[in-house]
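Here is entry_3.txt, consisting of compact mmCIF, N, CA and C atoms and all ligand atoms:
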# COMPACT_ATOMS: atom_id res chain seq x y z
N MET A 244 5.82 9.65 73.30
CA MET A 244 5.87 9.20 74.67
C MET A 244 6.65 7.89 74.73
N PRO A 245 7.70 7.86 75.51
CA PRO A 245 8.49 6.64 75.56
C PRO A 245 7.76 5.52 76.29
N ASN A 246 7.96 4.31 75.82
CA ASN A 246 7.37 3.16 76.48
C ASN A 246 8.12 2.88 77.77
N LYS A 247 7.39 2.62 78.81
CA LYS A 247 8.03 2.28 80.08
C LYS A 247 8.19 0.78 80.13
N THR A 248 9.35 0.35 80.51
CA THR A 248 9.56 -1.09 80.70
C THR A 248 9.61 -1.37 82.19
N TYR A 249 9.06 -2.49 82.58
CA TYR A 249 8.98 -2.88 83.97
C TYR A 249 9.92 -4.03 84.25
N GLY A 250 10.50 -4.02 85.44
CA GLY A 250 11.26 -5.16 85.90
C GLY A 250 10.31 -6.28 86.28
N LEU A 251 10.85 -7.43 86.51
CA LEU A 251 10.02 -8.59 86.83
C LEU A 251 9.19 -8.34 88.09
N THR A 252 9.79 -7.77 89.12
CA THR A 252 9.07 -7.52 90.37
C THR A 252 7.93 -6.55 90.15
N GLU A 253 8.20 -5.47 89.42
CA GLU A 253 7.15 -4.49 89.15
C GLU A 253 6.02 -5.14 88.34
N ALA A 254 6.39 -5.90 87.34
CA ALA A 254 5.39 -6.55 86.49
C ALA A 254 4.53 -7.50 87.31
N LEU A 255 5.16 -8.28 88.21
CA LEU A 255 4.38 -9.20 89.04
C LEU A 255 3.45 -8.45 89.98
N LEU A 256 3.93 -7.35 90.56
CA LEU A 256 3.07 -6.56 91.45
C LEU A 256 1.87 -6.01 90.70
N ILE A 257 2.09 -5.53 89.50
CA ILE A 257 0.98 -4.99 88.70
C ILE A 257 -0.02 -6.09 88.40
N ILE A 258 0.48 -7.26 88.06
CA ILE A 258 -0.42 -8.38 87.76
C ILE A 258 -1.23 -8.74 89.00
N ILE A 259 -0.56 -8.83 90.16
CA ILE A 259 -1.24 -9.21 91.40
C ILE A 259 -2.31 -8.18 91.76
N ILE A 260 -1.99 -6.90 91.61
CA ILE A 260 -2.94 -5.85 91.96
C ILE A 260 -4.14 -5.89 91.03
N LYS A 261 -3.90 -6.17 89.77
CA LYS A 261 -5.00 -6.16 88.81
C LYS A 261 -5.83 -7.43 88.84
N LEU A 262 -5.23 -8.52 89.31
CA LEU A 262 -5.96 -9.78 89.36
C LEU A 262 -7.01 -9.74 90.45
N ARG A 263 -8.05 -10.45 90.22
CA ARG A 263 -9.07 -10.62 91.25
C ARG A 263 -8.97 -12.03 91.77
N MET A 264 -9.20 -12.15 93.04
CA MET A 264 -9.19 -13.49 93.62
C MET A 264 -10.55 -14.13 93.37
N ILE A 265 -10.54 -15.29 92.78
CA ILE A 265 -11.79 -16.00 92.55
C ILE A 265 -12.18 -16.72 93.85
N VAL A 266 -13.35 -16.42 94.34
CA VAL A 266 -13.83 -17.00 95.59
C VAL A 266 -14.61 -18.29 95.30
N CYS A 267 -15.46 -18.24 94.31
CA CYS A 267 -16.30 -19.40 93.98
C CYS A 267 -15.99 -19.84 92.56
N PHE A 268 -15.62 -21.11 92.44
CA PHE A 268 -15.28 -21.65 91.12
C PHE A 268 -16.50 -22.26 90.44
N CYS A 269 -17.47 -22.73 91.21
CA CYS A 269 -18.67 -23.31 90.60
C CYS A 269 -19.47 -22.25 89.85
N HIS A 270 -19.56 -21.07 90.45
CA HIS A 270 -20.24 -19.93 89.83
C HIS A 270 -19.23 -18.79 89.89
N PRO A 271 -18.32 -18.74 88.90
CA PRO A 271 -17.17 -17.83 88.99
C PRO A 271 -17.53 -16.44 89.53
N THR A 272 -17.03 -16.20 90.72
CA THR A 272 -17.31 -14.96 91.44
C THR A 272 -16.03 -14.52 92.12
N SER A 273 -15.68 -13.26 91.96
CA SER A 273 -14.45 -12.76 92.56
C SER A 273 -14.71 -12.20 93.95
N ASP A 274 -13.62 -11.96 94.67
CA ASP A 274 -13.73 -11.35 95.99
C ASP A 274 -14.38 -9.97 95.89
N ARG A 275 -14.06 -9.24 94.86
CA ARG A 275 -14.65 -7.90 94.69
C ARG A 275 -16.15 -8.00 94.42
N ASP A 276 -16.55 -9.02 93.63
CA ASP A 276 -17.98 -9.21 93.38
C ASP A 276 -18.72 -9.48 94.68
N VAL A 277 -18.15 -10.38 95.50
CA VAL A 277 -18.80 -10.73 96.77
C VAL A 277 -18.88 -9.51 97.68
N ASP A 278 -17.79 -8.77 97.77
CA ASP A 278 -17.79 -7.58 98.62
C ASP A 278 -18.84 -6.57 98.15
N ALA A 279 -18.98 -6.41 96.83
CA ALA A 279 -19.98 -5.48 96.30
C ALA A 279 -21.39 -5.96 96.64
N ILE A 280 -21.60 -7.27 96.55
CA ILE A 280 -22.93 -7.82 96.87
C ILE A 280 -23.24 -7.61 98.35
N ILE A 281 -22.24 -7.78 99.21
CA ILE A 281 -22.44 -7.54 100.65
C ILE A 281 -22.74 -6.06 100.87
N ASP A 282 -22.01 -5.20 100.20
CA ASP A 282 -22.23 -3.75 100.36
C ASP A 282 -23.62 -3.35 99.86
N GLU A 283 -24.17 -4.13 98.92
CA GLU A 283 -25.50 -3.83 98.41
C GLU A 283 -26.60 -4.39 99.31
N GLY A 284 -26.21 -5.10 100.36
CA GLY A 284 -27.24 -5.52 101.32
C GLY A 284 -27.30 -7.00 101.66
N ALA A 285 -26.49 -7.83 101.02
CA ALA A 285 -26.51 -9.25 101.37
C ALA A 285 -26.06 -9.42 102.81
N ARG A 286 -26.78 -10.23 103.58
CA ARG A 286 -26.47 -10.41 105.00
C ARG A 286 -26.17 -11.86 105.36
N THR A 287 -26.40 -12.78 104.45
CA THR A 287 -26.12 -14.19 104.70
C THR A 287 -25.51 -14.80 103.45
N VAL A 288 -24.94 -16.00 103.60
CA VAL A 288 -24.40 -16.66 102.41
C VAL A 288 -25.52 -17.00 101.43
N GLU A 289 -26.73 -17.23 101.97
CA GLU A 289 -27.86 -17.49 101.06
C GLU A 289 -28.18 -16.24 100.23
N ASP A 290 -28.11 -15.07 100.86
CA ASP A 290 -28.32 -13.81 100.12
C ASP A 290 -27.31 -13.71 98.97
N ILE A 291 -26.06 -14.01 99.28
CA ILE A 291 -25.02 -13.93 98.25
C ILE A 291 -25.32 -14.94 97.15
N GLY A 292 -25.70 -16.14 97.53
CA GLY A 292 -26.02 -17.19 96.55
C GLY A 292 -27.18 -16.80 95.65
N ARG A 293 -28.20 -16.20 96.23
CA ARG A 293 -29.36 -15.79 95.42
C ARG A 293 -28.97 -14.73 94.40
N ARG A 294 -28.01 -13.89 94.76
CA ARG A 294 -27.65 -12.78 93.87
C ARG A 294 -26.64 -13.16 92.79
N CYS A 295 -25.73 -14.11 93.11
CA CYS A 295 -24.71 -14.42 92.10
C CYS A 295 -24.45 -15.92 91.93
N GLY A 296 -25.04 -16.73 92.77
CA GLY A 296 -24.84 -18.17 92.66
C GLY A 296 -23.69 -18.70 93.51
N ALA A 297 -22.83 -17.82 93.99
CA ALA A 297 -21.69 -18.28 94.80
C ALA A 297 -22.20 -19.04 96.01
N GLY A 298 -21.58 -20.17 96.27
CA GLY A 298 -21.95 -20.96 97.44
C GLY A 298 -23.07 -21.94 97.20
N THR A 299 -23.63 -21.95 95.99
CA THR A 299 -24.78 -22.83 95.73
C THR A 299 -24.37 -24.09 94.97
N GLY A 300 -23.09 -24.27 94.75
CA GLY A 300 -22.62 -25.48 94.06
C GLY A 300 -22.09 -26.48 95.06
N CYS A 301 -20.80 -26.72 95.01
CA CYS A 301 -20.17 -27.74 95.86
C CYS A 301 -20.06 -27.31 97.32
N GLY A 302 -20.11 -26.02 97.58
CA GLY A 302 -20.04 -25.53 98.95
C GLY A 302 -18.64 -25.28 99.47
N CYS A 303 -17.64 -25.50 98.64
CA CYS A 303 -16.25 -25.30 99.09
C CYS A 303 -15.95 -23.84 99.46
N CYS A 304 -16.71 -22.91 98.95
CA CYS A 304 -16.41 -21.49 99.19
C CYS A 304 -17.21 -20.91 100.35
N LEU A 305 -18.05 -21.72 101.01
CA LEU A 305 -18.92 -21.18 102.05
C LEU A 305 -18.12 -20.51 103.18
N ASP A 306 -17.01 -21.12 103.59
CA ASP A 306 -16.21 -20.51 104.66
C ASP A 306 -15.67 -19.16 104.22
N GLU A 307 -15.24 -19.07 102.97
CA GLU A 307 -14.72 -17.78 102.47
C GLU A 307 -15.84 -16.75 102.43
N LEU A 308 -17.04 -17.16 102.01
CA LEU A 308 -18.17 -16.22 101.98
C LEU A 308 -18.48 -15.73 103.40
N ARG A 309 -18.48 -16.66 104.37
CA ARG A 309 -18.73 -16.27 105.77
C ARG A 309 -17.64 -15.32 106.26
N ASP A 310 -16.38 -15.62 105.90
CA ASP A 310 -15.28 -14.75 106.32
C ASP A 310 -15.45 -13.35 105.74
N ARG A 311 -15.86 -13.28 104.48
CA ARG A 311 -16.02 -11.96 103.85
C ARG A 311 -17.17 -11.19 104.50
N LEU A 312 -18.24 -11.90 104.86
CA LEU A 312 -19.34 -11.25 105.58
C LEU A 312 -18.83 -10.70 106.91
N ALA A 313 -18.07 -11.51 107.63
CA ALA A 313 -17.55 -11.08 108.93
C ALA A 313 -16.58 -9.91 108.77
N GLN A 314 -15.73 -9.98 107.75
CA GLN A 314 -14.77 -8.89 107.53
C GLN A 314 -15.46 -7.57 107.26
N ARG A 315 -16.66 -7.65 106.69
CA ARG A 315 -17.38 -6.41 106.36
C ARG A 315 -18.41 -6.07 107.44
N GLY A 316 -18.25 -6.72 108.60
CA GLY A 316 -19.07 -6.37 109.75
C GLY A 316 -20.46 -6.95 109.74
N VAL A 317 -20.68 -7.98 108.94
CA VAL A 317 -21.99 -8.62 108.89
C VAL A 317 -21.87 -9.94 109.62
N ALA A 318 -22.57 -10.04 110.73
CA ALA A 318 -22.52 -11.27 111.52
C ALA A 318 -23.71 -12.13 111.16
N GLY A 319 -23.50 -13.05 110.25
CA GLY A 319 -24.58 -13.94 109.83
C GLY A 319 -24.77 -15.07 110.82
N CYS A 320 -25.82 -15.80 110.63
CA CYS A 320 -26.09 -16.96 111.46
C CYS A 320 -25.00 -18.00 111.23
N PRO A 321 -24.49 -18.63 112.30
CA PRO A 321 -23.44 -19.63 112.11
C PRO A 321 -23.90 -20.83 111.29
N ARG A 322 -25.20 -21.02 111.14
CA ARG A 322 -25.68 -22.15 110.34
C ARG A 322 -26.00 -21.73 108.90
N ASP A 323 -25.64 -20.50 108.52
CA ASP A 323 -25.86 -20.08 107.13
C ASP A 323 -25.26 -21.09 106.19
N GLY A 324 -25.96 -21.43 105.18
CA GLY A 324 -25.42 -22.32 104.16
C GLY A 324 -25.57 -23.78 104.49
N ALA A 325 -26.11 -24.09 105.66
CA ALA A 325 -26.27 -25.49 106.01
C ALA A 325 -27.28 -26.12 105.05
N ARG A 326 -26.92 -27.20 104.46
CA ARG A 326 -27.77 -27.83 103.46
C ARG A 326 -29.00 -28.49 104.07
N ASP A 327 -28.92 -28.84 105.34
CA ASP A 327 -30.05 -29.54 105.94
C ASP A 327 -31.10 -28.58 106.50
N ALA A 328 -30.86 -27.29 106.41
CA ALA A 328 -31.78 -26.33 107.01
C ALA A 328 -33.15 -26.35 106.35
N GLU A 329 -33.21 -26.72 105.08
CA GLU A 329 -34.49 -26.72 104.40
C GLU A 329 -35.30 -27.96 104.71
N ALA A 330 -34.65 -29.04 105.16
CA ALA A 330 -35.34 -30.27 105.49
C ALA A 330 -35.82 -30.20 106.94
N PRO A 331 -36.93 -30.83 107.24
CA PRO A 331 -37.38 -30.84 108.63
C PRO A 331 -36.35 -31.57 109.49
N LEU A 332 -36.12 -31.05 110.70
CA LEU A 332 -35.15 -31.67 111.58
C LEU A 332 -35.70 -32.95 112.21
N VAL A 333 -37.03 -32.98 112.39
CA VAL A 333 -37.66 -34.13 113.02
C VAL A 333 -38.88 -34.49 112.19
N THR A 334 -39.04 -35.76 111.95
CA THR A 334 -40.24 -36.22 111.27
C THR A 334 -41.08 -36.98 112.27
N LEU A 335 -42.32 -36.54 112.44
CA LEU A 335 -43.21 -37.20 113.39
C LEU A 335 -44.04 -38.24 112.66
N ARG A 336 -44.12 -39.43 113.28
CA ARG A 336 -44.95 -40.49 112.70
C ARG A 336 -46.30 -40.52 113.42
N PRO A 337 -47.36 -40.65 112.68
CA PRO A 337 -48.67 -40.75 113.37
C PRO A 337 -48.74 -42.05 114.16
N ARG A 338 -49.43 -42.03 115.29
CA ARG A 338 -49.59 -43.24 116.13
C ARG A 338 -50.78 -44.02 115.69
S1 LIG B 1 -16.74 -23.21 94.81
FE1 LIG B 1 -18.45 -22.04 95.40
S2 LIG B 1 -20.08 -23.46 95.36
FE2 LIG B 1 -18.39 -24.60 94.63

Would you mind writing the structure in this file as structure tokens?
Amino acid sequence: MPNKTYGLTEALLIIIIKLRMIVCFCHPTSDRDVDAIIDEGARTVEDIGRRCGAGTGCGCCLDELRDRLAQRGVAGCPRDGARDAEAPLVTLRPR
């Protein structure tokens, strides 16, 4: 079987098609990984974070995670991923 040689354009296209886009660098996760997690039932960025860690580091990928949820028809809460959500919004002082 003869070896096929590729031109530069063909070789670059093959590389691009085979490469995965890394969405989260803190917890290396690809776009395909995130899409699979969404397809398995993740409905918020917190769901995605619990399953693979994406979005639980510096937070730079949160917008991409929200975009991927929206692209797959999952409308999460606009405050998903907000770091202050776990803290009480108001602290009452006793009189
Ligand atoms: S890049 Fe995803 S949490 Fe930092």

Please report as a tab-separated table every residue of chain A lying within 10 Å of ligand LIG 1 (chain B), along with the nearest atom pair and their distance in Å (one decimal), using only C-alpha atoms and all ligand atoms.
residue	atom	partner	partner_atom	distance
A:Ile265	CA	B:LIG1	S1	9.0
A:Val266	CA	B:LIG1	FE1	6.8
A:Cys267	CA	B:LIG1	FE1	3.7
A:Phe268	CA	B:LIG1	S1	4.3
A:Cys269	CA	B:LIG1	FE2	4.2
A:His270	CA	B:LIG1	FE1	6.2
A:Pro271	CA	B:LIG1	FE1	7.8
A:Thr272	CA	B:LIG1	FE1	8.2
A:Gly292	CA	B:LIG1	S2	8.7
A:Gly296	CA	B:LIG1	S2	7.6
A:Ala297	CA	B:LIG1	FE1	5.0
A:Gly298	CA	B:LIG1	S2	3.8
A:Thr299	CA	B:LIG1	S2	4.8
A:Gly300	CA	B:LIG1	S2	3.5
A:Cys301	CA	B:LIG1	FE2	3.8
A:Gly302	CA	B:LIG1	S2	4.1
A:Cys303	CA	B:LIG1	S1	4.8
A:Cys304	CA	B:LIG1	FE1	4.3
A:Leu305	CA	B:LIG1	FE1	6.7
A:Asp306	CA	B:LIG1	FE1	9.6
A:Glu307	CA	B:LIG1	FE1	9.1
A:Leu308	CA	B:LIG1	FE1	8.8

All residues 8 Å or closer to Arg311 of chain A, only C-alpha atoms, same chain fewer than 4 positions away omitted, as a list in words: Val277, Asp278, Glu307 and Arg315 of chain A

List as a compact mmCIF listing (two decimals) with N, CA and C atoms, keeping the file's coordinate frame the residues having at least one atom at most 7 Å from position (-21.9, -12.1, 105.8) as given in the file, counting all atoms listed in the file.
# COMPACT_ATOMS: atom_id res chain seq x y z
N ILE A 281 -22.24 -7.78 99.21
CA ILE A 281 -22.44 -7.54 100.65
C ILE A 281 -22.74 -6.06 100.87
N ALA A 285 -26.49 -7.83 101.02
CA ALA A 285 -26.51 -9.25 101.37
C ALA A 285 -26.06 -9.42 102.81
N ARG A 286 -26.78 -10.23 103.58
CA ARG A 286 -26.47 -10.41 105.00
C ARG A 286 -26.17 -11.86 105.36
N THR A 287 -26.40 -12.78 104.45
CA THR A 287 -26.12 -14.19 104.70
C THR A 287 -25.51 -14.80 103.45
N VAL A 288 -24.94 -16.00 103.60
CA VAL A 288 -24.40 -16.66 102.41
C VAL A 288 -25.52 -17.00 101.43
N LEU A 308 -17.04 -17.16 102.01
CA LEU A 308 -18.17 -16.22 101.98
C LEU A 308 -18.48 -15.73 103.40
N ARG A 309 -18.48 -16.66 104.37
CA ARG A 309 -18.73 -16.27 105.77
C ARG A 309 -17.64 -15.32 106.26
N ASP A 310 -16.38 -15.62 105.90
CA ASP A 310 -15.28 -14.75 106.32
C ASP A 310 -15.45 -13.35 105.74
N ARG A 311 -15.86 -13.28 104.48
CA ARG A 311 -16.02 -11.96 103.85
C ARG A 311 -17.17 -11.19 104.50
N LEU A 312 -18.24 -11.90 104.86
CA LEU A 312 -19.34 -11.25 105.58
C LEU A 312 -18.83 -10.70 106.91
N ALA A 313 -18.07 -11.51 107.63
CA ALA A 313 -17.55 -11.08 108.93
C ALA A 313 -16.58 -9.91 108.77
N GLN A 314 -15.73 -9.98 107.75
CA GLN A 314 -14.77 -8.89 107.53
C GLN A 314 -15.46 -7.57 107.26
N ARG A 315 -16.66 -7.65 106.69
CA ARG A 315 -17.38 -6.41 106.36
C ARG A 315 -18.41 -6.07 107.44
N GLY A 316 -18.25 -6.72 108.60
CA GLY A 316 -19.07 -6.37 109.75
C GLY A 316 -20.46 -6.95 109.74
N VAL A 317 -20.68 -7.98 108.94
CA VAL A 317 -21.99 -8.62 108.89
C VAL A 317 -21.87 -9.94 109.62
N ALA A 318 -22.57 -10.04 110.73
CA ALA A 318 -22.52 -11.27 111.52
C ALA A 318 -23.71 -12.13 111.16
N GLY A 319 -23.50 -13.05 110.25
CA GLY A 319 -24.58 -13.94 109.83
C GLY A 319 -24.77 -15.07 110.82

Atom-to-atom span, atom C of Ser273 of chain A and atom C of Glu289 of chain A, Å: 15.4 Å

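Atom N of Asp276 of chain A sits 7.9 Å away from atom C of Met264 of chain A.
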